[in-house]
Structures are given as C-alpha cells and as structure tokens.
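Structure file query15.tsv (TSV, C-alpha atoms) follows.
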```tsv
chain	number	residue	atom	x	y	z
A	1	MET	CA	0.00	0.00	0.00
A	2	LYS	CA	1.35	3.43	-0.89
A	3	ASP	CA	2.74	5.74	1.75
A	4	LEU	CA	0.11	7.38	3.85
A	5	ASP	CA	1.75	10.60	5.01
A	6	THR	CA	-1.14	12.05	6.96
A	7	ASN	CA	-3.93	10.61	9.05
A	8	LEU	CA	-6.43	12.18	6.69
A	9	GLN	CA	-4.92	10.29	3.76
A	10	ALA	CA	-5.06	7.06	5.75
A	11	LEU	CA	-8.70	7.74	6.67
A	12	LEU	CA	-9.63	8.40	3.04
A	13	THR	CA	-7.79	5.30	1.83
A	14	GLY	CA	-9.70	3.27	4.40
A	15	ILE	CA	-12.98	4.72	3.16
A	16	ARG	CA	-12.04	4.05	-0.45
A	17	ASN	CA	-11.02	0.45	0.22
A	18	ALA	CA	-14.28	-0.21	2.06
A	19	ILE	CA	-16.42	1.09	-0.79
A	20	GLY	CA	-16.98	-1.94	-2.97
A	21	VAL	CA	-17.37	-5.51	-1.81
A	22	PRO	CA	-17.01	-4.87	1.98
A	23	ALA	CA	-19.65	-2.13	2.01
A	24	LEU	CA	-21.94	-4.11	-0.29
A	25	LEU	CA	-21.64	-7.08	2.04
A	26	LEU	CA	-22.65	-5.07	5.10
A	27	PHE	CA	-25.47	-3.53	3.14
A	28	SER	CA	-26.93	-6.88	2.11
A	29	ALA	CA	-26.39	-8.58	5.46
A	30	MET	CA	-28.10	-5.69	7.24
A	31	THR	CA	-30.92	-5.70	4.70
A	32	GLY	CA	-31.72	-9.16	5.99
A	33	PHE	CA	-31.52	-7.92	9.57
A	34	GLY	CA	-33.78	-4.93	8.81
A	35	SER	CA	-36.50	-7.11	7.38
A	36	LEU	CA	-36.28	-9.50	10.31
A	37	ALA	CA	-36.54	-6.60	12.77
A	38	GLN	CA	-39.58	-5.28	10.97
A	39	GLU	CA	-41.19	-8.73	11.05
A	40	GLN	CA	-40.54	-9.08	14.79
A	41	GLY	CA	-42.01	-5.69	15.61
A	42	LEU	CA	-38.85	-3.84	16.65
A	43	SER	CA	-39.05	-0.11	15.99
A	44	LEU	CA	-37.07	1.29	13.06
A	45	TYR	CA	-35.25	3.54	15.50
A	46	ILE	CA	-33.94	0.67	17.64
A	47	SER	CA	-33.19	-1.40	14.54
A	48	ILE	CA	-30.83	1.24	13.17
A	49	LEU	CA	-29.28	1.95	16.57
A	50	SER	CA	-28.76	-1.78	16.96
A	51	THR	CA	-26.40	-1.79	13.99
A	52	VAL	CA	-24.50	1.23	15.30
A	53	LEU	CA	-24.36	0.23	18.97
A	54	ILE	CA	-24.25	-3.58	18.93
A	55	TRP	CA	-22.44	-3.90	15.59
A	56	GLY	CA	-22.42	-7.68	15.57
A	57	MET	CA	-25.01	-9.28	13.38
A	58	PRO	CA	-25.47	-12.70	15.11
A	59	GLY	CA	-26.13	-10.98	18.44
A	60	GLN	CA	-28.44	-8.48	16.78
A	61	VAL	CA	-30.44	-11.33	15.26
A	62	VAL	CA	-30.68	-13.14	18.59
A	63	HIS	CA	-31.79	-9.93	20.29
A	64	VAL	CA	-34.56	-9.36	17.75
A	65	GLU	CA	-35.76	-12.95	17.70
A	66	LEU	CA	-35.87	-13.33	21.47
A	67	TYR	CA	-37.48	-9.92	21.85
A	68	GLY	CA	-40.10	-10.96	19.31
A	69	LEU	CA	-40.78	-14.10	21.32
A	70	GLY	CA	-41.08	-12.04	24.51
A	71	ALA	CA	-38.29	-14.04	26.16
A	72	PRO	CA	-37.09	-13.06	29.66
A	73	LEU	CA	-34.31	-10.48	29.89
A	74	ILE	CA	-31.76	-12.97	31.18
A	75	ALA	CA	-32.33	-15.21	28.13
A	76	VAL	CA	-31.72	-12.26	25.82
A	77	VAL	CA	-28.53	-11.30	27.63
A	78	LEU	CA	-27.14	-14.84	27.58
A	79	GLY	CA	-28.21	-15.43	23.99
A	80	VAL	CA	-26.62	-12.21	22.73
A	81	ALA	CA	-23.50	-12.79	24.80
A	82	GLY	CA	-23.14	-16.29	23.34
A	83	ALA	CA	-23.71	-15.16	19.77
A	84	ASN	CA	-21.24	-12.27	20.00
A	85	ALA	CA	-18.59	-13.84	22.23
A	86	ARG	CA	-16.23	-14.03	19.25
A	87	PHE	CA	-15.44	-10.36	19.81
A	88	MET	CA	-13.18	-11.19	22.72
A	89	PRO	CA	-10.70	-13.37	20.79
A	90	MET	CA	-11.10	-11.11	17.74
A	91	THR	CA	-10.31	-7.97	19.74
A	92	LEU	CA	-7.40	-9.70	21.43
A	93	SER	CA	-5.87	-10.89	18.21
A	94	MET	CA	-6.28	-7.51	16.55
A	95	MET	CA	-4.79	-5.31	19.25
A	96	PRO	CA	-1.13	-6.11	18.34
A	97	VAL	CA	-1.81	-4.46	14.94
A	98	PHE	CA	-2.13	-1.15	16.81
A	99	ALA	CA	0.67	-1.85	19.29
A	100	ASP	CA	3.20	0.47	17.61
A	101	SER	CA	0.73	3.26	17.03
A	102	PRO	CA	1.34	6.45	19.08
A	103	HIS	CA	-2.29	6.87	20.21
A	104	ASN	CA	-3.29	6.74	23.87
A	105	ARG	CA	-4.06	3.09	24.78
A	106	LYS	CA	-7.40	4.18	26.29
A	107	TRP	CA	-8.71	4.80	22.78
A	108	ASN	CA	-8.51	1.05	22.20
A	109	TYR	CA	-11.74	0.75	24.18
A	110	LEU	CA	-13.45	2.85	21.53
A	111	ILE	CA	-11.61	1.31	18.57
A	112	SER	CA	-12.70	-2.16	19.69
A	113	HIS	CA	-16.32	-1.19	19.21
A	114	PHE	CA	-15.78	-0.93	15.44
A	115	ILE	CA	-14.44	-4.46	15.05
A	116	SER	CA	-16.52	-6.75	12.86
A	117	ILE	CA	-15.52	-9.87	10.91
A	118	ASN	CA	-15.07	-7.66	7.88
A	119	THR	CA	-12.86	-5.02	9.45
A	120	TRP	CA	-10.98	-7.57	11.54
A	121	ALA	CA	-10.03	-9.65	8.50
A	122	GLU	CA	-8.99	-6.48	6.65
A	123	MET	CA	-6.63	-5.37	9.43
A	124	LEU	CA	-5.20	-8.83	10.02
A	125	ASN	CA	-4.51	-9.40	6.33
A	126	ARG	CA	-3.44	-5.92	5.27
A	127	GLY	CA	-2.65	-4.04	8.47
A	128	HIS	CA	1.08	-4.71	8.19
A	129	GLU	CA	1.17	-3.02	4.76
A	130	ILE	CA	0.18	0.25	6.43
A	131	ARG	CA	2.54	2.44	8.41
A	132	ALA	CA	2.08	1.67	12.11
A	133	ASP	CA	1.15	5.25	13.01
A	134	ARG	CA	-1.57	5.41	10.31
A	135	ARG	CA	-3.36	2.16	11.08
A	136	VAL	CA	-5.92	3.61	13.49
A	137	SER	CA	-7.05	6.23	10.95
A	138	TYR	CA	-7.20	3.66	8.19
A	139	PHE	CA	-9.20	1.30	10.39
A	140	LEU	CA	-11.67	4.00	11.42
A	141	GLY	CA	-12.20	5.08	7.80
A	142	PHE	CA	-12.75	1.50	6.71
A	143	SER	CA	-15.04	0.47	9.56
A	144	THR	CA	-17.22	3.58	9.73
A	145	THR	CA	-17.85	3.23	5.99
A	146	CYS	CA	-18.92	-0.38	6.54
A	147	MET	CA	-21.13	0.70	9.43
A	148	PHE	CA	-22.71	3.47	7.37
A	149	SER	CA	-23.61	1.08	4.56
A	150	GLY	CA	-24.95	-1.31	7.19
A	151	VAL	CA	-27.28	1.43	8.45
A	152	ILE	CA	-28.54	2.10	4.93
A	153	GLY	CA	-29.05	-1.66	4.58
A	154	VAL	CA	-31.17	-1.84	7.76
A	155	TYR	CA	-33.29	1.06	6.61
A	156	GLN	CA	-33.89	-0.36	3.18
A	157	GLY	CA	-34.54	-3.85	4.56
A	158	TYR	CA	-36.99	-2.51	7.14
A	159	VAL	CA	-38.88	-0.37	4.66
A	160	LEU	CA	-38.56	-2.20	1.34
A	161	PHE	CA	-37.80	-5.86	1.96
A	162	GLU	CA	-41.42	-6.98	1.57
A	163	SER	CA	-41.69	-5.45	-1.87
A	164	MET	CA	-38.38	-6.85	-3.10
A	165	PRO	CA	-38.47	-9.88	-5.43
A	166	GLU	CA	-37.62	-12.99	-3.41
A	167	MET	CA	-34.85	-13.91	-5.84
A	168	VAL	CA	-33.05	-10.63	-5.04
A	169	SER	CA	-33.53	-11.10	-1.29
A	170	LEU	CA	-32.16	-14.64	-1.46
A	171	CYS	CA	-29.10	-13.53	-3.43
A	172	LEU	CA	-28.39	-10.82	-0.87
A	173	ILE	CA	-28.73	-13.28	2.00
A	174	PHE	CA	-26.54	-15.84	0.23
A	175	LEU	CA	-23.78	-13.27	-0.22
A	176	VAL	CA	-23.00	-13.44	3.50
A	177	PRO	CA	-21.81	-17.06	3.83
A	178	ILE	CA	-19.97	-16.84	0.48
A	179	TYR	CA	-18.09	-13.71	1.48
A	180	PHE	CA	-17.11	-14.83	4.96
A	181	GLY	CA	-16.32	-18.34	3.76
A	182	LEU	CA	-13.92	-16.98	1.15
A	183	ILE	CA	-12.14	-14.34	3.23
A	184	MET	CA	-11.73	-16.62	6.22
A	185	SER	CA	-10.40	-19.58	4.21
A	186	ASN	CA	-7.89	-17.31	2.49
A	187	THR	CA	-5.13	-17.43	5.09
A	188	VAL	CA	-1.53	-18.54	4.60
A	189	HIS	CA	-1.16	-19.56	8.22
A	190	PRO	CA	-1.81	-23.34	8.57
A	191	PRO	CA	-3.22	-23.30	12.15
A	192	TYR	CA	-5.80	-20.66	11.19
A	193	LEU	CA	-6.83	-22.71	8.19
A	194	LEU	CA	-7.19	-25.81	10.36
A	195	ALA	CA	-9.27	-23.82	12.87
A	196	PHE	CA	-11.45	-22.69	9.99
A	197	VAL	CA	-11.98	-26.20	8.61
A	198	LEU	CA	-12.71	-27.69	12.05
A	199	GLY	CA	-15.09	-24.84	12.83
A	200	CYS	CA	-16.97	-25.46	9.57
A	201	LEU	CA	-17.38	-29.13	10.46
A	202	LEU	CA	-18.42	-28.53	14.08
A	203	GLY	CA	-20.60	-25.44	13.56
A	204	ALA	CA	-23.89	-27.02	12.56
A	205	PRO	CA	-23.88	-30.09	14.88
A	206	MET	CA	-22.89	-27.95	17.87
A	207	HIS	CA	-25.68	-25.50	17.11
A	208	LEU	CA	-28.18	-28.34	17.19
A	209	LEU	CA	-26.69	-29.50	20.50
A	210	THR	CA	-26.89	-26.09	22.20
A	211	PRO	CA	-28.28	-23.18	20.16
A	212	GLU	CA	-27.10	-20.51	22.61
A	213	TRP	CA	-23.51	-21.54	23.12
A	214	GLY	CA	-22.93	-23.75	20.07
A	215	LEU	CA	-20.81	-21.12	18.34
A	216	VAL	CA	-18.57	-20.54	21.32
A	217	LEU	CA	-18.20	-24.23	22.07
A	218	SER	CA	-17.33	-25.31	18.54
A	219	GLY	CA	-15.03	-22.31	18.13
A	220	LEU	CA	-13.29	-23.17	21.38
A	221	ILE	CA	-12.76	-26.79	20.33
A	222	ALA	CA	-11.71	-25.97	16.76
A	223	GLY	CA	-9.44	-23.08	17.73
A	224	THR	CA	-7.75	-24.86	20.62
A	225	MET	CA	-7.14	-28.03	18.60
A	226	ALA	CA	-5.62	-25.97	15.78
A	227	PHE	CA	-3.46	-24.08	18.27
A	228	LEU	CA	-2.24	-27.26	19.97
A	229	LEU	CA	-1.50	-28.92	16.66
A	230	ARG	CA	0.29	-25.88	15.21
A	231	ASN	CA	3.86	-27.13	15.73
A	232	TRP	CA	3.03	-30.52	14.32
A	233	LEU	CA	1.14	-28.87	11.45
A	234	ASN	CA	3.99	-26.53	10.52
A	235	GLY	CA	6.50	-29.41	10.70
A	236	PHE	CA	4.23	-31.64	8.64
A	237	LEU	CA	3.86	-29.05	5.87
A	238	LYS	CA	7.61	-28.39	5.83
A	239	SER	CA	8.48	-32.07	5.48
A	240	LYS	CA	5.92	-32.40	2.71
A	241	GLU	CA	7.49	-29.48	0.88
A	242	SER	CA	10.99	-30.88	1.12
A	243	ASN	CA	9.84	-34.33	-0.04
A	244	GLY	CA	7.87	-33.03	-2.97
B	1	MET	CA	-44.50	0.18	29.56
B	2	ALA	CA	-43.91	-1.99	26.51
B	3	GLU	CA	-41.87	0.83	25.02
B	4	SER	CA	-39.56	1.20	28.00
B	5	SER	CA	-39.03	-2.55	28.35
B	6	ALA	CA	-37.95	-2.67	24.69
B	7	TRP	CA	-35.21	-0.19	25.55
B	8	ILE	CA	-34.13	-2.14	28.62
B	9	VAL	CA	-33.80	-5.31	26.55
B	10	PHE	CA	-31.94	-3.39	23.84
B	11	ILE	CA	-29.47	-1.76	26.22
B	12	SER	CA	-28.81	-5.14	27.85
B	13	ALA	CA	-28.03	-6.57	24.40
B	14	ILE	CA	-25.58	-3.72	23.75
B	15	ILE	CA	-23.80	-4.40	27.03
B	16	ALA	CA	-23.78	-8.17	26.42
B	17	THR	CA	-21.84	-7.49	23.22
B	18	TYR	CA	-19.54	-4.70	24.31
B	19	ILE	CA	-18.40	-6.57	27.40
B	20	TRP	CA	-16.47	-9.01	25.15
B	21	ARG	CA	-14.72	-6.20	23.29
B	22	PHE	CA	-13.91	-4.53	26.59
B	23	ALA	CA	-12.48	-7.76	28.01
B	24	GLY	CA	-10.43	-8.23	24.84
B	25	VAL	CA	-8.83	-4.79	25.11
B	26	MET	CA	-8.27	-5.13	28.84
B	27	ILE	CA	-6.52	-8.48	28.53
B	28	SER	CA	-4.46	-7.32	25.54
B	29	HIS	CA	-3.11	-4.45	27.63
B	30	ARG	CA	-1.85	-6.92	30.18
B	31	ILE	CA	0.15	-9.26	27.95
B	32	GLU	CA	3.08	-8.68	25.59
B	33	ALA	CA	2.23	-8.03	21.93
B	34	ASN	CA	4.18	-11.09	20.76
B	35	HIS	CA	2.80	-13.46	23.40
B	36	PRO	CA	1.79	-16.88	21.96
B	37	ALA	CA	-1.66	-16.43	23.53
B	38	PHE	CA	-2.49	-14.03	20.71
B	39	GLU	CA	-2.09	-16.86	18.22
B	40	TRP	CA	-4.46	-19.00	20.25
B	41	PHE	CA	-7.02	-16.18	20.33
B	42	THR	CA	-6.77	-15.79	16.57
B	43	CYS	CA	-7.33	-19.54	16.20
B	44	LEU	CA	-10.41	-19.22	18.43
B	45	ALA	CA	-11.73	-16.35	16.33
B	46	TYR	CA	-11.24	-18.37	13.13
B	47	GLY	CA	-13.00	-21.33	14.72
B	48	ILE	CA	-16.00	-19.31	15.91
B	49	ILE	CA	-16.43	-17.42	12.63
B	50	ALA	CA	-16.16	-20.68	10.67
B	51	SER	CA	-18.89	-22.21	12.85
B	52	LEU	CA	-21.00	-19.16	12.19
B	53	VAL	CA	-20.54	-19.44	8.42
B	54	ALA	CA	-21.36	-23.16	8.50
B	55	ARG	CA	-24.45	-22.52	10.60
B	56	THR	CA	-25.83	-19.77	8.35
B	57	LEU	CA	-25.25	-22.00	5.35
B	58	ILE	CA	-26.50	-25.33	6.72
B	59	ILE	CA	-29.17	-24.23	9.22
B	60	PRO	CA	-30.45	-20.90	7.87
B	61	SER	CA	-33.51	-19.09	9.16
B	62	GLY	CA	-36.29	-17.25	7.37
B	63	LEU	CA	-36.54	-17.15	3.61
B	64	MET	CA	-33.31	-19.08	2.98
B	65	ALA	CA	-34.63	-22.08	4.91
B	66	GLU	CA	-37.03	-22.73	2.03
B	67	VAL	CA	-34.12	-23.37	-0.34
B	68	PRO	CA	-33.01	-27.05	-0.23
B	69	LEU	CA	-29.61	-27.73	1.38
B	70	TRP	CA	-27.90	-28.97	-1.78
B	71	GLN	CA	-28.90	-25.79	-3.60
B	72	ARG	CA	-26.91	-23.88	-1.00
B	73	LEU	CA	-23.92	-26.23	-0.74
B	74	ILE	CA	-23.21	-26.61	-4.47
B	75	PRO	CA	-23.11	-22.84	-5.15
B	76	MET	CA	-20.80	-22.49	-2.14
B	77	LEU	CA	-18.49	-25.04	-3.77
B	78	PHE	CA	-18.60	-23.02	-7.00
B	79	ALA	CA	-17.67	-19.88	-5.10
B	80	PHE	CA	-14.57	-21.60	-3.70
B	81	VAL	CA	-13.61	-23.02	-7.10
B	82	GLY	CA	-13.99	-19.62	-8.76
B	83	PHE	CA	-12.03	-17.91	-6.02
B	84	TYR	CA	-9.08	-20.30	-5.89
B	85	MET	CA	-8.88	-21.10	-9.62
B	86	PHE	CA	-8.82	-17.49	-10.78
B	87	GLY	CA	-6.25	-15.70	-8.69
B	88	LYS	CA	-8.12	-15.43	-5.37
B	89	ARG	CA	-10.29	-12.55	-6.49
B	90	LEU	CA	-13.22	-12.01	-4.14
B	91	LEU	CA	-15.50	-10.68	-6.83
B	92	VAL	CA	-14.89	-13.72	-9.09
B	93	GLY	CA	-15.73	-16.07	-6.22
B	94	ILE	CA	-18.91	-14.16	-5.44
B	95	VAL	CA	-20.01	-14.10	-9.09
B	96	PHE	CA	-19.39	-17.86	-9.43
B	97	GLY	CA	-21.32	-18.62	-6.24
B	98	GLU	CA	-24.24	-16.31	-6.95
B	99	ALA	CA	-24.50	-17.44	-10.58
B	100	ALA	CA	-24.68	-21.09	-9.51
B	101	PHE	CA	-27.20	-20.15	-6.81
B	102	ILE	CA	-29.48	-18.34	-9.26
B	103	PHE	CA	-29.13	-21.11	-11.84
B	104	LEU	CA	-30.16	-23.79	-9.36
B	105	LEU	CA	-33.05	-21.68	-8.10
B	106	LEU	CA	-34.33	-21.32	-11.65
B	107	VAL	CA	-33.82	-24.96	-12.64
B	108	GLY	CA	-34.46	-26.52	-9.24
B	109	GLY	CA	-38.02	-25.31	-9.28
B	110	VAL	CA	-38.32	-23.86	-5.79
B	111	ASN	CA	-41.83	-22.58	-5.25
B	112	LEU	CA	-41.15	-18.98	-4.44
```
As structure tokens, what does this structure read like?
Amino acid sequence: MKDLDTNLQALLTGIRNAIGVPALLLFSAMTGFGSLAQEQGLSLYISILSTVLIWGMPGQVVHVELYGLGAPLIAVVLGVAGANARFMPMTLSMMPVFADSPHNRKWNYLISHFISINTWAEMLNRGHEIRADRRVSYFLGFSTTCMFSGVIGVYQGYVLFESMPEMVSLCLIFLVPIYFGLIMSNTVHPPYLLAFVLGCLLGAPMHLLTPEWGLVLSGLIAGTMAFLLRNWLNGFLKSKESNG
Amino acid sequence: MAESSAWIVFISAIIATYIWRFAGVMISHRIEANHPAFEWFTCLAYGIIASLVARTLIIPSGLMAEVPLWQRLIPMLFAFVGFYMFGKRLLVGIVFGEAAFIFLLLVGGVNL
C-alpha cells in the first residue's frame, strides 16, 4: 500500500477500500436484519441503533428474535453474549496491529467497538502493509464506511424488503456465507486454516446441540485443537514441501 | 410500559456485546504483543467465525430455509472453485457462487 503521510490520507484510503465488496456485504447482510426486525415488531429507530451500537449481526439477530418471542431479559442477555462472544478473541488478536501506534491506549476501548468480521479480516490481512502510526485512521475510515452502509441496509430492509423480489432477497442473503467463507479460508497460516476447517465441520452439529452456546463451544474446540496442533502442522507441511 | 421494556432489553443486548470487546482490550493491555496467547485467540476467532458461516449456510432461518440444502452447498463449492482457480479474487468467487445459486433456483423449481 502506498505511503500514507497524513492521518487524513489514511482515513480516506480506508474509506475508499471499504467502498466496494465490503460495504456491499454489510449492506446486504443488514438488509436481511432490517427485514427480520420489521417482522418481529422492533421499531425502526432501535433497529438502526442496533447496527451502530451492537455492531455484531449474530447478536443483533438473537436480540430481535428473542425480543419478538417475549423471552425473559436474562435469556436475551445470555443469547446475545453467546452469539457475539467471538469479539473477545477477535479484539485480542487484533490489538497487536495497533501496538506500535502512538495513540493513547485508552482509545482502544473505543476502537474495539468498530471491530466486525469484515474489518478484523482487513486489518489482520493488510494491516502490516500500512505504516504503524496510520493504522488507526485507516481502520476508522474503513469500519465507519462499513457501518454506514450497514445502516442504509437496515433502513432499506426494514422499509422495502417486503416489496423486493424474493430472488433478489435470497441472493443478498446468500452473499454473507460466500463472502465470509472466502475471506476466512484465504489465510496462509496453517493453524488458522485448520481452525477454519474444524469450525466449519463442528458449527452445525454444535448448534443443534446447544443453540445458545454452540458457536462458542465449537469455536473453542476448533481453535484450541488448531493451536495445539500448530507445531506438528507446521512441521508436517515443511516435510511435505521438502519431499515433494 | 412496553416501550420502556424494549429499551431495557436493547441496552442489555448492547452491554452483552460490548463486554467481550472490553475484556479483549483489557486483557491485551496486560500481555506482551508477541505473546503466543495471541495466536491462540486468533485460532479461536477463526473457529467461531467458521462455525457461524457453516451454521448460516447449513441451518439458515427465514426465507433461505425454504431453499433445499444442496442448492446452498453446491453454489458455495462453485464460489470456492472460482475464487481459488482465478487468482483469489473475491469478486470472481462471489459471481461464481451467486450465478450457480441463481441457476439452481431457476432450474431446481423452488416454489417462491
């Protein structure tokens, strides 16, 4: 990535790189959320704020669905916490990207709010190409653009989803697993790839086992197995390379 | 009353999400940037997101649940083939996947 001399340049580059597939993705995913929220009787106001303030689609969906069912508060809290628990490991693994940035560490508590799968993958894959002292600006440009298109998505889903042809709605919904499947599988680091594959295999059965904590449980098993096997995995791939 | 309880539920959902981000930042400030734990956390994140992708694909809710499983899995396969055969370009993968999805919807005769 070309030199980003000022924070403004970094911010604008972040915005520019988000416009395109990442913004489109957020738009379509949140279209689905908007229509769901409308169906479940959540107000448009809360639906839009949900994207800005929760900013984690699985948790947002759980919130809306349980609210629609009139579930007790504690069930909503546990359900949302389970669905969005990935933000802890994601935040943890992303913080080293900003380690050499001169900003006050306290700002990390605000920065962490803008983390989503999209923006996390972007910083993990391309963060090192950006000058350390420009990464925060780049990240904020990229993630606020994604969030903004998400808000437009919620609005359009809430207001227009009913009148949209079902074929279009389905294509928008289908974009989400394709996009995340592709960007997450595209890693050069063998343990991450193994974690991804194991997670794919465990995801559905674990969800059937325990809908609330299935994600966390299968992620914990897949991630920990991949981490424990990482030395063996790296050695295995090296020996394969030298033999072939 | 119903209005105010909607806000209480909503604010609880916000806190239930932010608490994880907060914990992540707090812990990261207490360990070295090159600590091996960070690799474990990244593995966990990959595992959880992969489970999420698999769940949305295999056990979808709403409209997508009316599309048969194989009509979701085969287009996903096409997306991967398109992505990895043609220089790992996201847009190519998406076009391959969506094209296969639309094709199967049209031929598969889903009653929409």
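Using only C-alpha atoms, the nearest neighbour of B:Glu66 within the list B:Leu90, B:Ile49, B:Ile31, B:Leu105 is B:Leu105.
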Atom CA of A:Ile130 to atom CA of A:Val97: how many Å, to one decimal? 9.9 Å
Per residue of chain B within 6 Å of chain A, what are the shortest atom pair and its distance in Å to one decimal, counting only C-alpha atoms, with rows by chain and residue number, as JSON lines?
```
{"residue": "B:Ala13", "atom": "CA", "partner": "A:Val77", "partner_atom": "CA", "distance": 5.7}
{"residue": "B:Ile14", "atom": "CA", "partner": "A:Ile54", "partner_atom": "CA", "distance": 5.0}
{"residue": "B:Ala16", "atom": "CA", "partner": "A:Ala81", "partner_atom": "CA", "distance": 4.9}
{"residue": "B:Thr17", "atom": "CA", "partner": "A:Ala81", "partner_atom": "CA", "distance": 5.8}
{"residue": "B:Trp20", "atom": "CA", "partner": "A:Met88", "partner_atom": "CA", "distance": 4.6}
{"residue": "B:Arg21", "atom": "CA", "partner": "A:Met88", "partner_atom": "CA", "distance": 5.3}
{"residue": "B:Gly24", "atom": "CA", "partner": "A:Met88", "partner_atom": "CA", "distance": 4.6}
{"residue": "B:Ser28", "atom": "CA", "partner": "A:Leu92", "partner_atom": "CA", "distance": 5.6}
{"residue": "B:Ala33", "atom": "CA", "partner": "A:Pro96", "partner_atom": "CA", "distance": 5.3}
{"residue": "B:Phe38", "atom": "CA", "partner": "A:Ser93", "partner_atom": "CA", "distance": 5.2}
{"residue": "B:Trp40", "atom": "CA", "partner": "A:Phe227", "partner_atom": "CA", "distance": 5.5}
{"residue": "B:Phe41", "atom": "CA", "partner": "A:Pro89", "partner_atom": "CA", "distance": 4.7}
{"residue": "B:Thr42", "atom": "CA", "partner": "A:Ser93", "partner_atom": "CA", "distance": 5.2}
{"residue": "B:Cys43", "atom": "CA", "partner": "A:Gly223", "partner_atom": "CA", "distance": 4.4}
{"residue": "B:Leu44", "atom": "CA", "partner": "A:Gly223", "partner_atom": "CA", "distance": 4.0}
{"residue": "B:Ala45", "atom": "CA", "partner": "A:Pro89", "partner_atom": "CA", "distance": 5.5}
{"residue": "B:Tyr46", "atom": "CA", "partner": "A:Phe196", "partner_atom": "CA", "distance": 5.3}
{"residue": "B:Gly47", "atom": "CA", "partner": "A:Gly219", "partner_atom": "CA", "distance": 4.1}
{"residue": "B:Ile48", "atom": "CA", "partner": "A:Gly219", "partner_atom": "CA", "distance": 3.9}
{"residue": "B:Ala50", "atom": "CA", "partner": "A:Gly199", "partner_atom": "CA", "distance": 4.8}
{"residue": "B:Ser51", "atom": "CA", "partner": "A:Gly203", "partner_atom": "CA", "distance": 3.7}
{"residue": "B:Val53", "atom": "CA", "partner": "A:Pro177", "partner_atom": "CA", "distance": 5.3}
{"residue": "B:Ala54", "atom": "CA", "partner": "A:Cys200", "partner_atom": "CA", "distance": 5.1}
{"residue": "B:Arg55", "atom": "CA", "partner": "A:Ala204", "partner_atom": "CA", "distance": 4.9}
```
Using all atoms of stretch 14-29 of chain A listed in the file and a margin of 3 Å per side, can you give the axis-aligned box centre and edge lengths in Å to one decimal, as JSON?
```
{"center_x": -18.3, "center_y": -1.9, "center_z": 1.2, "size_x": 23.2, "size_y": 19.3, "size_z": 14.4}
```
Rounded to one decimal, what separation in Å do you get between atom CA of A:Gly153 and atom CA of B:Thr56? 18.8 Å
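Note that atom CA of A:Asn234 and atom CA of B:Leu77 are 26.7 Å apart.
Comparing A:Leu229, A:Asn125, A:Met147, A:Tyr45 by their smallest distance to B:Ala6, the closest is A:Tyr45 (using all atoms listed in the file).
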Please identify all polymer residues within 8 Å of stretch 135-143 of chain A, counting all atoms listed in the file, omitting same-chain residues fewer than 6 positions from it, and present them as a list of chain:residue names.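 Everything that qualifies: A:Asn7, A:Leu8, A:Ala10, A:Leu11, A:Leu12, A:Thr13, A:Gly14, A:Ile15, A:Arg16, A:Asn17, A:Ala18, A:Val97, A:Phe98, A:Ser101, A:Ile111, A:Phe114, A:Ile115, A:Thr119, A:Met123, A:Gly127.
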